[in-house]
>>> print(open('structure-v6.cif').read())   # mmCIF, C-alpha atoms
data_data
loop_
_atom_site.label_atom_id
_atom_site.label_comp_id
_atom_site.auth_asym_id
_atom_site.auth_seq_id
_atom_site.Cartn_x
_atom_site.Cartn_y
_atom_site.Cartn_z
CA MET X 1 -21.76 31.16 -2.58
CA ALA X 2 -18.83 29.58 -4.38
CA ARG X 3 -16.32 27.86 -2.14
CA THR X 4 -12.64 28.70 -1.95
CA ILE X 5 -9.94 26.03 -1.80
CA ALA X 6 -6.58 26.98 -0.32
CA ILE X 7 -3.56 24.91 -1.27
CA LEU X 8 -0.94 25.49 1.44
CA GLY X 9 2.63 24.91 0.34
CA GLY X 10 1.06 25.32 -3.05
CA THR X 11 4.18 26.51 -4.86
CA GLY X 12 5.70 23.01 -4.52
CA PRO X 13 5.14 20.49 -7.33
CA GLU X 14 2.43 18.45 -5.55
CA GLY X 15 0.45 21.49 -4.42
CA LEU X 16 0.79 23.20 -7.78
CA GLY X 17 -0.39 20.03 -9.48
CA LEU X 18 -3.52 19.82 -7.31
CA ALA X 19 -4.16 23.56 -7.82
CA ASN X 20 -3.91 22.94 -11.57
CA ARG X 21 -6.41 20.09 -11.53
CA PHE X 22 -8.93 21.75 -9.20
CA ALA X 23 -8.73 25.07 -11.10
CA ARG X 24 -9.37 23.22 -14.37
CA ALA X 25 -12.46 21.75 -12.72
CA GLY X 26 -13.72 25.31 -12.15
CA GLU X 27 -12.87 25.65 -8.46
CA HIS X 28 -11.73 28.94 -6.91
CA ILE X 29 -8.14 28.31 -5.80
CA VAL X 30 -5.88 30.28 -3.48
CA ILE X 31 -2.29 29.12 -3.54
CA GLY X 32 -0.69 29.65 -0.13
CA SER X 33 3.03 29.97 0.49
CA ARG X 34 5.34 31.34 3.19
CA ASP X 35 6.12 34.05 0.64
CA ALA X 36 3.01 35.78 -0.74
CA ALA X 37 4.92 37.08 -3.77
CA ARG X 38 5.99 33.57 -4.76
CA ALA X 39 2.40 32.38 -4.38
CA GLN X 40 1.14 35.22 -6.60
CA GLN X 41 3.75 34.39 -9.21
CA ALA X 42 2.79 30.70 -9.18
CA ALA X 43 -0.90 31.65 -9.48
CA SER X 44 -0.16 33.92 -12.42
CA GLN X 45 1.80 31.21 -14.22
CA LEU X 46 -1.00 28.72 -13.60
CA ARG X 47 -3.61 31.14 -15.01
CA GLN X 48 -1.47 31.57 -18.12
CA ARG X 49 -1.25 27.78 -18.55
CA ILE X 50 -4.93 27.03 -17.94
CA GLY X 51 -6.48 30.09 -19.56
CA VAL X 52 -8.21 33.31 -18.56
CA SER X 53 -11.19 31.47 -17.10
CA ALA X 54 -9.03 30.01 -14.32
CA ASN X 55 -9.88 31.41 -10.90
CA VAL X 56 -6.49 31.20 -9.17
CA GLU X 57 -4.92 33.64 -6.73
CA GLY X 58 -1.87 33.52 -4.50
CA THR X 59 -1.13 34.85 -1.00
CA ASP X 60 0.56 33.83 2.26
CA ASN X 61 -0.52 30.60 4.00
CA ALA X 62 -2.37 32.32 6.86
CA THR X 63 -4.37 34.65 4.62
CA ALA X 64 -5.22 31.75 2.31
CA THR X 65 -6.41 29.67 5.27
CA ALA X 66 -8.55 32.44 6.77
CA GLN X 67 -10.56 32.90 3.60
CA SER X 68 -11.15 29.28 2.59
CA GLU X 69 -13.80 26.62 3.23
CA ILE X 70 -11.38 23.87 2.16
CA VAL X 71 -7.66 23.87 2.97
CA VAL X 72 -5.30 21.34 1.40
CA LEU X 73 -1.94 20.72 3.12
CA THR X 74 0.83 19.97 0.59
CA LEU X 75 3.98 20.87 2.56
CA PRO X 76 6.91 18.54 3.19
CA PHE X 77 6.35 16.70 6.49
CA SER X 78 9.26 18.61 8.08
CA GLY X 79 7.29 21.86 7.69
CA GLN X 80 3.85 20.57 8.70
CA ALA X 81 3.93 20.99 12.48
CA ALA X 82 5.41 24.50 12.45
CA LEU X 83 2.82 25.71 9.94
CA LEU X 84 -0.13 24.20 11.82
CA LYS X 85 1.04 25.80 15.09
CA GLN X 86 1.30 29.13 13.31
CA LEU X 87 -2.21 28.78 11.86
CA LYS X 88 -3.83 27.75 15.18
CA SER X 89 -6.08 30.80 15.53
CA VAL X 90 -6.63 31.48 11.83
CA TRP X 91 -9.09 28.74 10.79
CA LYS X 92 -12.73 29.45 10.02
CA ALA X 93 -15.05 27.18 12.02
CA GLY X 94 -16.12 24.23 9.88
CA THR X 95 -13.17 24.31 7.52
CA ILE X 96 -12.48 21.02 5.75
CA VAL X 97 -8.75 20.27 5.97
CA ILE X 98 -7.32 17.75 3.52
CA ASP X 99 -3.88 16.44 4.40
CA THR X 100 -1.79 15.04 1.54
CA THR X 101 1.44 14.79 3.54
CA VAL X 102 3.69 11.76 3.18
CA PRO X 103 6.41 11.46 5.86
CA LEU X 104 9.12 10.33 3.45
CA ALA X 105 12.57 9.89 4.94
CA ALA X 106 13.66 12.46 2.34
CA THR X 107 12.18 15.13 4.63
CA VAL X 108 15.05 14.50 7.07
CA GLY X 109 17.74 13.84 4.47
CA GLY X 110 16.95 10.16 3.85
CA ALA X 111 15.58 8.30 0.83
CA ALA X 112 12.28 9.07 -0.90
CA THR X 113 11.63 5.32 -0.97
CA ARG X 114 11.61 5.08 2.83
CA MET X 115 9.29 6.46 5.46
CA ILE X 116 10.08 7.95 8.83
CA GLY X 117 8.16 6.68 11.83
CA VAL X 118 5.58 9.18 13.08
CA TRP X 119 4.66 8.71 16.73
CA GLN X 120 0.96 9.32 16.05
CA GLY X 121 1.00 6.70 13.29
CA SER X 122 0.73 8.95 10.25
CA ALA X 123 1.30 12.50 9.09
CA ALA X 124 -2.49 12.88 9.04
CA GLU X 125 -2.87 11.89 12.69
CA ALA X 126 0.01 14.20 13.58
CA ALA X 127 -1.87 17.02 11.81
CA MET X 128 -5.05 16.12 13.70
CA GLU X 129 -3.32 16.88 17.01
CA LEU X 130 -2.38 20.37 15.86
CA LEU X 131 -5.72 21.40 14.37
CA PRO X 132 -8.47 23.12 16.37
CA GLN X 133 -11.54 21.06 17.27
CA ASN X 134 -13.85 23.10 15.04
CA VAL X 135 -12.32 21.97 11.73
CA SER X 136 -12.64 18.55 10.04
CA LEU X 137 -9.79 16.50 8.62
CA ALA X 138 -9.48 13.97 5.81
CA ALA X 139 -6.30 12.45 4.35
CA ALA X 140 -6.16 12.03 0.57
CA PHE X 141 -4.23 12.51 -2.70
CA HIS X 142 -0.99 10.94 -1.35
CA ASN X 143 -0.47 8.60 -4.28
CA LEU X 144 -0.86 11.01 -7.21
CA GLY X 145 2.58 11.87 -8.54
CA ALA X 146 3.34 15.55 -9.12
CA GLU X 147 4.32 14.92 -12.75
CA LEU X 148 0.93 13.39 -13.48
CA LEU X 149 -0.89 16.24 -11.75
CA ALA X 150 0.94 18.89 -13.77
CA GLY X 151 -0.79 18.24 -17.08
CA ASP X 152 -4.41 17.67 -17.96
CA ALA X 153 -4.28 14.06 -19.16
CA PRO X 154 -6.46 11.52 -17.33
CA ILE X 155 -4.62 9.97 -14.37
CA ASP X 156 -4.73 6.19 -14.02
CA CYS X 157 -4.82 6.08 -10.21
CA ASP X 158 -7.25 5.69 -7.34
CA VAL X 159 -7.32 8.17 -4.45
CA LEU X 160 -7.86 6.58 -1.05
CA VAL X 161 -9.61 8.93 1.35
CA CYS X 162 -9.24 8.30 5.09
CA SER X 163 -11.19 10.21 7.72
CA ASP X 164 -13.12 9.91 10.96
CA ASP X 165 -15.42 12.72 9.79
CA GLU X 166 -18.10 11.86 7.24
CA ARG X 167 -18.39 15.37 5.85
CA ALA X 168 -14.65 15.75 5.34
CA LYS X 169 -14.51 12.33 3.72
CA GLN X 170 -17.33 13.20 1.32
CA VAL X 171 -15.74 16.50 0.29
CA ALA X 172 -12.33 14.90 -0.29
CA MET X 173 -13.91 12.09 -2.32
CA GLU X 174 -15.89 14.61 -4.37
CA LEU X 175 -12.71 16.61 -5.08
CA ALA X 176 -10.81 13.46 -6.06
CA GLY X 177 -13.56 12.70 -8.56
CA LYS X 178 -12.93 16.07 -10.23
CA ILE X 179 -9.48 14.94 -11.40
CA SER X 180 -9.82 13.30 -14.80
CA GLY X 181 -9.35 9.52 -14.61
CA VAL X 182 -9.14 9.40 -10.83
CA ARG X 183 -11.51 7.29 -8.76
CA ALA X 184 -12.14 8.10 -5.10
CA VAL X 185 -11.99 5.05 -2.82
CA ASN X 186 -13.20 5.02 0.79
CA GLY X 187 -10.02 4.31 2.74
CA GLY X 188 -11.79 4.04 6.09
CA LYS X 189 -10.62 5.69 9.30
CA LEU X 190 -7.99 8.40 9.53
CA GLU X 191 -5.61 5.90 11.16
CA ASN X 192 -5.45 4.04 7.83
CA ALA X 193 -3.62 7.03 6.38
CA ARG X 194 -0.40 5.41 7.64
CA ILE X 195 -0.80 2.69 5.01
CA VAL X 196 -1.88 5.02 2.23
CA GLU X 197 0.99 7.39 2.96
CA SER X 198 3.51 4.54 2.77
CA ILE X 199 2.19 3.41 -0.62
CA THR X 200 3.73 6.64 -1.97
CA ALA X 201 7.22 5.45 -0.95
CA LEU X 202 6.49 2.19 -2.76
CA LEU X 203 5.36 4.05 -5.91
CA ILE X 204 8.51 6.18 -5.86
CA GLY X 205 10.53 2.95 -5.71
CA LEU X 206 8.55 1.56 -8.67
CA ASN X 207 9.27 4.75 -10.63
CA ILE X 208 13.00 4.24 -9.99
CA ARG X 209 13.13 0.48 -10.66
CA TYR X 210 10.94 0.60 -13.77
CA LYS X 211 12.36 3.91 -15.05
CA VAL X 212 8.94 5.56 -15.29
CA HIS X 213 7.54 8.78 -13.84
CA GLY X 214 3.93 8.03 -13.06
CA ALA X 215 3.46 4.75 -11.21
CA GLY X 216 0.02 4.70 -9.60
CA VAL X 217 -2.32 2.30 -7.89
CA ARG X 218 -5.78 0.90 -8.62
CA PHE X 219 -7.86 -1.29 -6.35
CA THR X 220 -9.62 -4.22 -7.97
CA GLY X 221 -12.62 -6.28 -6.96
CA LEU X 222 -14.64 -3.26 -5.77
CA PRO X 223 -18.24 -2.74 -6.93
CA GLY X 224 -18.28 -1.23 -10.43
CA SER X 225 -14.59 -1.87 -11.08
CA MET Y 1 14.97 -32.99 -11.72
CA ALA Y 2 11.56 -31.57 -10.86
CA ARG Y 3 11.50 -29.18 -7.95
CA THR Y 4 9.41 -29.58 -4.85
CA ILE Y 5 7.53 -26.68 -3.26
CA ALA Y 6 6.64 -26.97 0.42
CA ILE Y 7 3.76 -24.84 1.71
CA LEU Y 8 4.22 -24.60 5.49
CA GLY Y 9 1.06 -23.91 7.43
CA GLY Y 10 -0.50 -25.16 4.23
CA THR Y 11 -3.75 -26.39 5.77
CA GLY Y 12 -4.80 -22.76 6.40
CA PRO Y 13 -6.86 -20.97 3.74
CA GLU Y 14 -3.97 -18.87 2.33
CA GLY Y 15 -1.55 -21.79 2.13
CA LEU Y 16 -4.14 -24.13 0.71
CA GLY Y 17 -5.02 -21.50 -1.90
CA LEU Y 18 -1.39 -21.16 -3.02
CA ALA Y 19 -1.00 -24.97 -3.03
CA ASN Y 20 -4.09 -25.14 -5.24
CA ARG Y 21 -2.74 -22.59 -7.73
CA PHE Y 22 0.81 -23.97 -7.90
CA ALA Y 23 -0.44 -27.58 -8.21
CA ARG Y 24 -2.74 -26.53 -11.08
CA ALA Y 25 0.36 -25.06 -12.75
CA GLY Y 26 1.97 -28.52 -12.62
CA GLU Y 27 4.27 -28.00 -9.64
CA HIS Y 28 5.07 -30.76 -7.13
CA ILE Y 29 3.56 -29.56 -3.85
CA VAL Y 30 4.10 -30.78 -0.29
CA ILE Y 31 1.65 -29.31 2.18
CA GLY Y 32 3.29 -28.94 5.57
CA SER Y 33 1.43 -28.78 8.87
CA ARG Y 34 2.16 -29.32 12.57
CA ASP Y 35 0.00 -32.41 12.18
CA ALA Y 36 1.11 -34.69 9.30
CA ALA Y 37 -2.29 -36.42 9.20
CA ARG Y 38 -4.11 -33.08 8.68
CA ALA Y 39 -1.66 -32.20 5.91
CA GLN Y 40 -2.25 -35.54 4.20
CA GLN Y 41 -5.98 -35.04 4.43
CA ALA Y 42 -5.75 -31.53 2.94
CA ALA Y 43 -3.53 -32.87 0.13
CA SER Y 44 -6.00 -35.64 -0.62
CA GLN Y 45 -8.91 -33.17 -0.78
CA LEU Y 46 -6.92 -30.89 -3.06
CA ARG Y 47 -6.07 -33.79 -5.41
CA GLN Y 48 -9.76 -34.67 -5.58
CA ARG Y 49 -10.63 -31.07 -6.47
CA ILE Y 50 -7.88 -30.54 -9.07
CA GLY Y 51 -7.81 -34.03 -10.61
CA VAL Y 52 -5.64 -37.13 -10.64
CA SER Y 53 -2.80 -35.32 -12.41
CA ALA Y 54 -2.21 -33.09 -9.38
CA ASN Y 55 1.07 -33.81 -7.65
CA VAL Y 56 0.22 -32.91 -4.05
CA GLU Y 57 1.35 -34.63 -0.84
CA GLY Y 58 1.11 -33.75 2.82
CA THR Y 59 3.43 -34.22 5.80
CA ASP Y 60 4.73 -32.39 8.87
CA ASN Y 61 6.41 -28.98 8.42
CA ALA Y 62 9.97 -30.24 9.11
CA THR Y 63 9.77 -33.18 6.70
CA ALA Y 64 8.25 -30.91 4.04
CA THR Y 65 11.06 -28.38 4.50
CA ALA Y 66 13.85 -30.97 4.36
CA GLN Y 67 12.76 -32.32 0.98
CA SER Y 68 11.99 -29.04 -0.84
CA GLU Y 69 13.90 -26.59 -3.02
CA ILE Y 70 11.27 -23.89 -2.40
CA VAL Y 71 9.52 -23.36 0.94
CA VAL Y 72 6.56 -20.99 1.25
CA LEU Y 73 5.67 -19.70 4.74
CA THR Y 74 1.90 -19.22 5.18
CA LEU Y 75 1.49 -19.37 8.96
CA PRO Y 76 -0.12 -16.68 11.09
CA PHE Y 77 2.57 -14.26 12.30
CA SER Y 78 2.12 -15.49 15.87
CA GLY Y 79 3.41 -18.92 14.82
CA GLN Y 80 6.23 -17.81 12.53
CA ALA Y 81 9.13 -17.43 14.98
CA ALA Y 82 8.51 -20.70 16.84
CA LEU Y 83 8.36 -22.64 13.58
CA LEU Y 84 11.52 -21.09 12.15
CA LYS Y 85 13.43 -21.83 15.37
CA GLN Y 86 12.24 -25.42 15.18
CA LEU Y 87 13.34 -25.74 11.54
CA LYS Y 88 16.81 -24.21 12.12
CA SER Y 89 18.83 -27.33 11.24
CA VAL Y 90 16.42 -28.80 8.71
CA TRP Y 91 16.90 -26.60 5.62
CA LYS Y 92 18.69 -27.81 2.51
CA ALA Y 93 21.46 -25.41 1.48
CA GLY Y 94 20.24 -23.09 -1.26
CA THR Y 95 16.54 -23.37 -0.42
CA ILE Y 96 14.42 -20.47 -1.64
CA VAL Y 97 12.15 -19.33 1.18
CA ILE Y 98 9.10 -17.25 0.26
CA ASP Y 99 7.46 -15.46 3.15
CA THR Y 100 3.80 -14.49 2.72
CA THR Y 101 3.26 -13.51 6.35
CA VAL Y 102 1.24 -10.41 7.22
CA PRO Y 103 1.53 -9.27 10.86
CA LEU Y 104 -2.15 -8.41 11.23
CA ALA Y 105 -3.26 -7.33 14.69
CA ALA Y 106 -5.69 -10.27 14.47
CA THR Y 107 -2.72 -12.52 15.28
CA VAL Y 108 -2.75 -11.13 18.84
CA GLY Y 109 -6.51 -10.78 19.15
CA GLY Y 110 -6.86 -7.40 17.40
CA ALA Y 111 -8.46 -6.37 14.14
CA ALA Y 112 -7.61 -7.79 10.71
CA THR Y 113 -7.62 -4.22 9.39
CA ARG Y 114 -4.72 -3.20 11.66
CA MET Y 115 -1.09 -4.22 11.78
CA ILE Y 116 1.12 -4.89 14.76
CA GLY Y 117 4.50 -3.21 14.83
CA VAL Y 118 7.34 -5.64 14.16
CA TRP Y 119 10.67 -4.50 15.58
CA GLN Y 120 12.58 -5.60 12.46
CA GLY Y 121 10.18 -3.62 10.26
CA SER Y 122 8.25 -6.48 8.66
CA ALA Y 123 7.36 -10.13 9.14
CA ALA Y 124 9.76 -10.89 6.28
CA GLU Y 125 12.70 -9.19 8.01
CA ALA Y 126 11.77 -10.98 11.25
CA ALA Y 127 11.90 -14.26 9.32
CA MET Y 128 15.28 -13.31 7.84
CA GLU Y 129 16.78 -13.18 11.35
CA LEU Y 130 15.66 -16.73 12.09
CA LEU Y 131 16.75 -18.37 8.84
CA PRO Y 132 20.20 -19.91 8.34
CA GLN Y 133 22.64 -18.02 6.11
CA ASN Y 134 22.60 -20.68 3.40
CA VAL Y 135 18.99 -20.13 2.32
CA SER Y 136 17.56 -17.20 0.33
CA LEU Y 137 14.45 -15.22 1.21
CA ALA Y 138 11.85 -13.32 -0.79
CA ALA Y 139 8.57 -11.84 0.44
CA ALA Y 140 5.54 -12.18 -1.85
CA PHE Y 141 1.86 -13.15 -2.27
CA HIS Y 142 0.68 -11.03 0.70
CA ASN Y 143 -2.12 -9.31 -1.17
CA LEU Y 144 -3.89 -12.30 -2.75
CA GLY Y 145 -7.01 -13.08 -0.75
CA ALA Y 146 -7.56 -16.70 0.23
CA GLU Y 147 -11.02 -16.76 -1.35
CA LEU Y 148 -9.57 -15.75 -4.71
CA LEU Y 149 -6.81 -18.35 -4.46
CA ALA Y 150 -9.26 -21.18 -3.73
CA GLY Y 151 -10.75 -21.42 -7.20
CA ASP Y 152 -9.16 -21.40 -10.63
CA ALA Y 153 -10.53 -18.12 -12.03
CA PRO Y 154 -8.00 -15.47 -13.11
CA ILE Y 155 -7.07 -13.16 -10.21
CA ASP Y 156 -7.10 -9.41 -10.88
CA CYS Y 157 -4.15 -8.53 -8.64
CA ASP Y 158 -0.43 -7.78 -8.84
CA VAL Y 159 2.06 -9.58 -6.60
CA LEU Y 160 4.85 -7.40 -5.29
CA VAL Y 161 8.03 -9.36 -4.66
CA CYS Y 162 10.59 -7.92 -2.23
CA SER Y 163 14.02 -9.43 -1.72
CA ASP Y 164 17.70 -8.65 -1.28
CA ASP Y 165 18.55 -11.86 -3.15
CA GLU Y 166 18.24 -11.83 -6.95
CA ARG Y 167 17.69 -15.57 -7.29
CA ALA Y 168 14.97 -15.67 -4.65
CA LYS Y 169 13.28 -12.66 -6.25
CA GLN Y 170 13.33 -14.29 -9.69
CA VAL Y 171 11.87 -17.56 -8.41
CA ALA Y 172 9.09 -15.78 -6.49
CA MET Y 173 8.27 -13.62 -9.52
CA GLU Y 174 8.21 -16.70 -11.76
CA LEU Y 175 5.85 -18.48 -9.34
CA ALA Y 176 3.57 -15.44 -9.15
CA GLY Y 177 3.34 -15.49 -12.94
CA LYS Y 178 2.00 -19.06 -12.76
CA ILE Y 179 -1.21 -17.87 -11.09
CA SER Y 180 -3.75 -17.01 -13.77
CA GLY Y 181 -4.27 -13.23 -14.07
CA VAL Y 182 -1.54 -12.31 -11.63
CA ARG Y 183 1.35 -10.05 -12.63
CA ALA Y 184 4.62 -10.14 -10.69
CA VAL Y 185 5.98 -6.68 -9.83
CA ASN Y 186 9.49 -6.03 -8.56
CA GLY Y 187 8.90 -4.60 -5.10
CA GLY Y 188 12.56 -3.82 -4.46
CA LYS Y 189 14.43 -4.65 -1.27
CA LEU Y 190 13.20 -6.98 1.45
CA GLU Y 191 12.67 -3.96 3.74
CA ASN Y 192 9.84 -2.82 1.44
CA ALA Y 193 7.87 -5.86 2.59
CA ARG Y 194 6.63 -3.71 5.48
CA ILE Y 195 4.60 -1.64 3.01
CA VAL Y 196 3.40 -4.60 0.96
CA GLU Y 197 2.35 -6.47 4.11
CA SER Y 198 0.33 -3.48 5.32
CA ILE Y 199 -1.54 -3.22 2.01
CA THR Y 200 -3.23 -6.49 3.04
CA ALA Y 201 -4.78 -4.79 6.08
CA LEU Y 202 -6.03 -2.06 3.73
CA LEU Y 203 -7.53 -4.64 1.34
CA ILE Y 204 -9.29 -6.40 4.23
CA GLY Y 205 -10.77 -3.01 5.18
CA LEU Y 206 -11.92 -2.48 1.57
CA ASN Y 207 -13.56 -5.92 1.60
CA ILE Y 208 -15.48 -4.92 4.72
CA ARG Y 209 -16.46 -1.39 3.64
CA TYR Y 210 -17.44 -2.37 0.09
CA LYS Y 211 -18.98 -5.73 1.10
CA VAL Y 212 -16.82 -7.72 -1.32
CA HIS Y 213 -14.51 -10.70 -0.85
CA GLY Y 214 -11.70 -10.16 -3.29
CA ALA Y 215 -10.30 -6.61 -3.21
CA GLY Y 216 -6.89 -6.57 -4.85
CA VAL Y 217 -4.33 -4.11 -6.10
CA ARG Y 218 -2.82 -3.24 -9.49
CA PHE Y 219 0.02 -0.85 -10.15
CA THR Y 220 -0.40 1.50 -13.09
CA GLY Y 221 2.10 3.42 -15.21
CA LEU Y 222 4.58 0.51 -15.38
CA PRO Y 223 6.02 -0.58 -18.73
CA GLY Y 224 3.58 -2.82 -20.60
CA SER Y 225 0.67 -1.96 -18.32
#
>>> encode(input="structure-v6.cif", output="structure tokens")
Amino acid sequence: MARTIAILGGTGPEGLGLANRFARAGEHIVIGSRDAARAQQAASQLRQRIGVSANVEGTDNATATAQSEIVVLTLPFSGQAALLKQLKSVWKAGTIVIDTTVPLAATVGGAATRMIGVWQGSAAEAAMELLPQNVSLAAAFHNLGAELLAGDAPIDCDVLVCSDDERAKQVAMELAGKISGVRAVNGGKLENARIVESITALLIGLNIRYKVHGAGVRFTGLPGS
Amino acid sequence: MARTIAILGGTGPEGLGLANRFARAGEHIVIGSRDAARAQQAASQLRQRIGVSANVEGTDNATATAQSEIVVLTLPFSGQAALLKQLKSVWKAGTIVIDTTVPLAATVGGAATRMIGVWQGSAAEAAMELLPQNVSLAAAFHNLGAELLAGDAPIDCDVLVCSDDERAKQVAMELAGKISGVRAVNGGKLENARIVESITALLIGLNIRYKVHGAGVRFTGLPGS
């Protein structure tokens, strides 16, 4: 049976970009949004861009979650906790949750080049506290800029995947490998997400200082690189 | 007049590696250590390795600081504050200080893949508080592994330079460019050092997980890259 990937907050640029890439790789995508109509509209626009073969739907976040084997969180950090509390009883057992959240200070009115301090250490560990025990969490995709994800050109960036769950880590690494140009890198434990998340603030600063739109990161000295 | 570069804590692997690279680039190096005799011994060994042309001396940290236009801090974080307090009245006005310190948890008996929280935000900002007003500070070289610095092979890694002082930033970027293979990248304000420092913990984790010794980082999407 084909798997379904929900992209929650999927009408935002980051979520829409991931939906675009995963749909192009042949995955069945459900864009989730607070507003089902907006999600359907985004899905329809994405199908028009990618072509009739694209398997993309849209619905509200809870419905998207309930029907999916993989759920990707792409909301601003300020909306993460409220959504996860709302979804508490919705998850299918065994769902793989992939958190892409970066707690930029922008989420509370500050700069996109600064982070806010999260008591748990990272947005991913904050999400972990609010998820039921019968789902698995990985953190990934933080450092891929939305502008790069929007097209279909190869992306010159590694994706660090952090998780304490082997299965979740494998699935997130496999999905990262489906984005043209991207290499999945084992980022270790979920607690390392705090570093990976903060690299996004650094990349946003590089975009500003160097007047570019797609600063990314590659790790060197690894086997095969 | 030729400039002198002091490497404080320069008998440790990171400091010795930077001394090696800067001496090979023709710079006049003074290795500083708590123990002048150990510094002299390290300098003598380095001269033997590099060749008779190498301009490398060794002395105690305070003497090295007093005679140098550029002072590079390469001590473990646990020794940084005590040293800077001790050096308070020693600095020449206008000295460029380059902090390479990474507050790894290892400095208090924890893991080298974890950071300790520094109240000021970063080791560099902690150093800033303890330096006199008439010197300039940049943070750089955090992500270059000591094993890579020891030889003379090109290093496949960028060096992010963070500073609130234009002159200090320029000097640190110029020095980074003297290490074969290395590209200097403008890391923005000194406060960004907290992110750059933490990338070192991530690279140490990559070294462990991938069983390599020289994981590094490159930024993509920048002009000319």
>>> closest_atom_pairs(input="structure-v6.cif", of="chain Y", to="chain X", cutoff="6 Å", atoms="only C-alpha atoms", output="tab-separated table")
residue	atom	partner	partner_atom	distance
Y:Gly214	CA	X:Gly221	CA	5.4
Y:Ala215	CA	X:Gly221	CA	4.4
Y:Gly216	CA	X:Thr220	CA	4.8
Y:Val217	CA	X:Phe219	CA	4.5
Y:Arg218	CA	X:Arg218	CA	5.2
Y:Phe219	CA	X:Val217	CA	4.5
Y:Thr220	CA	X:Gly216	CA	4.8
Y:Gly221	CA	X:Ala215	CA	4.4
>>> write_last_selection(input="structure-v6.cif", atoms="C-alpha atoms", output="PDB file, in the coordinates of the input")
ATOM      1  CA  GLY Y 214     -11.700 -10.160  -3.290  1.00  0.00           C
ATOM      2  CA  ALA Y 215     -10.300  -6.610  -3.210  1.00  0.00           C
ATOM      3  CA  GLY Y 216      -6.890  -6.570  -4.850  1.00  0.00           C
ATOM      4  CA  VAL Y 217      -4.330  -4.110  -6.100  1.00  0.00           C
ATOM      5  CA  ARG Y 218      -2.820  -3.240  -9.490  1.00  0.00           C
ATOM      6  CA  PHE Y 219       0.020  -0.850 -10.150  1.00  0.00           C
ATOM      7  CA  THR Y 220      -0.400   1.500 -13.090  1.00  0.00           C
ATOM      8  CA  GLY Y 221       2.100   3.420 -15.210  1.00  0.00           C
TER       9      GLY Y 221
END
>>> atom_distance(input="structure-v6.cif", atom1="atom CA of Ala6 of chain X", atom2="atom CA of Pro154 of chain X")
23.0 Å
>>> resolve_selection(input="structure-v6.cif", expression="the PyMOL selection byres ((chain Y and resi 122) around 9)", output="list of chain:residue names")
Y:Thr101, Y:Val102, Y:Pro103, Y:Gly117, Y:Val118, Y:Trp119, Y:Gln120, Y:Gly121, Y:Ala123, Y:Ala124, Y:Glu125, Y:Ala126, Y:Ala127, Y:Leu190, Y:Glu191, Y:Asn192, Y:Ala193, Y:Arg194, Y:Ile195, Y:Glu197
>>> closest_residue(input="structure-v6.cif", among="X:Leu87, X:Ile70, X:Ala150, X:Leu75", to="Leu46 of chain X", atoms="only C-alpha atoms")
X:Ala150
>>> atom_distance(input="structure-v6.cif", atom1="atom CA of Ser89 of chain Y", atom2="atom CA of Ala36 of chain Y")
19.3 Å
>>> axis_aligned_box(input="structure-v6.cif", around="segment 131-144 of chain X", padding_each_side="3 Å", output="AutoDock Vina command-line options")
--center_x -7.2 --center_y 15.9 --center_z 5.0 --size_x 19.4 --size_y 20.5 --size_z 30.5
>>> closest_residue(input="structure-v6.cif", among="X:Ala140, X:Ala66, X:Val52, X:Ala93", to="Met173 of chain X", atoms="only C-alpha atoms")
X:Ala140
>>> atom_distance(input="structure-v6.cif", atom1="atom CA of Asn134 of chain Y", atom2="atom CA of Gly26 of chain Y")
27.3 Å
>>> closest_residue(input="structure-v6.cif", among="Y:Ile5, Y:Gly151, Y:Ala23, Y:Leu16", to="Lys178 of chain Y", atoms="only C-alpha atoms")
Y:Ala23
>>> residues_near_point(input="structure-v6.cif", point="(12.4, -27.5, 12.2)", cutoff="12 Å", atoms="all atoms listed in the file", output="VMD selection string")
chain Y and resid 8 32 to 34 60 to 66 80 to 92 130 to 132
>>> residues_around(input="structure-v6.cif", residues="Ile29 of chain Y", least_positions_apart="5", cutoff="8 Å", atoms="all atoms listed in the file", output="PyMOL selection string")
chain Y and resi 4-7+19+22-23+55-57
>>> write_last_selection(input="structure-v6.cif", atoms="C-alpha atoms", output="PDB file, in the frame of the given file")
ATOM      1  CA  THR Y   4       9.410 -29.580  -4.850  1.00  0.00           C
ATOM      2  CA  ILE Y   5       7.530 -26.680  -3.260  1.00  0.00           C
ATOM      3  CA  ALA Y   6       6.640 -26.970   0.420  1.00  0.00           C
ATOM      4  CA  ILE Y   7       3.760 -24.840   1.710  1.00  0.00           C
ATOM      5  CA  ALA Y  19      -1.000 -24.970  -3.030  1.00  0.00           C
ATOM      6  CA  PHE Y  22       0.810 -23.970  -7.900  1.00  0.00           C
ATOM      7  CA  ALA Y  23      -0.440 -27.580  -8.210  1.00  0.00           C
ATOM      8  CA  ASN Y  55       1.070 -33.810  -7.650  1.00  0.00           C
ATOM      9  CA  VAL Y  56       0.220 -32.910  -4.050  1.00  0.00           C
ATOM     10  CA  GLU Y  57       1.350 -34.630  -0.840  1.00  0.00           C
TER      11      GLU Y  57
END
>>> residues_near_point(input="structure-v6.cif", point="(-2.6, -34.7, 2.1)", cutoff="8 Å", atoms="all atoms listed in the file", output="ChimeraX atom specification")
/Y:31,37-46,56-59
>>> resolve_selection(input="structure-v6.cif", expression="the PyMOL selection byres ((chain Y and resi 18) around 10)", output="PyMOL selection string")
chain Y and resi 7+10+13-17+19-24+29+72+74+141+144+146+148-150+175-176+179
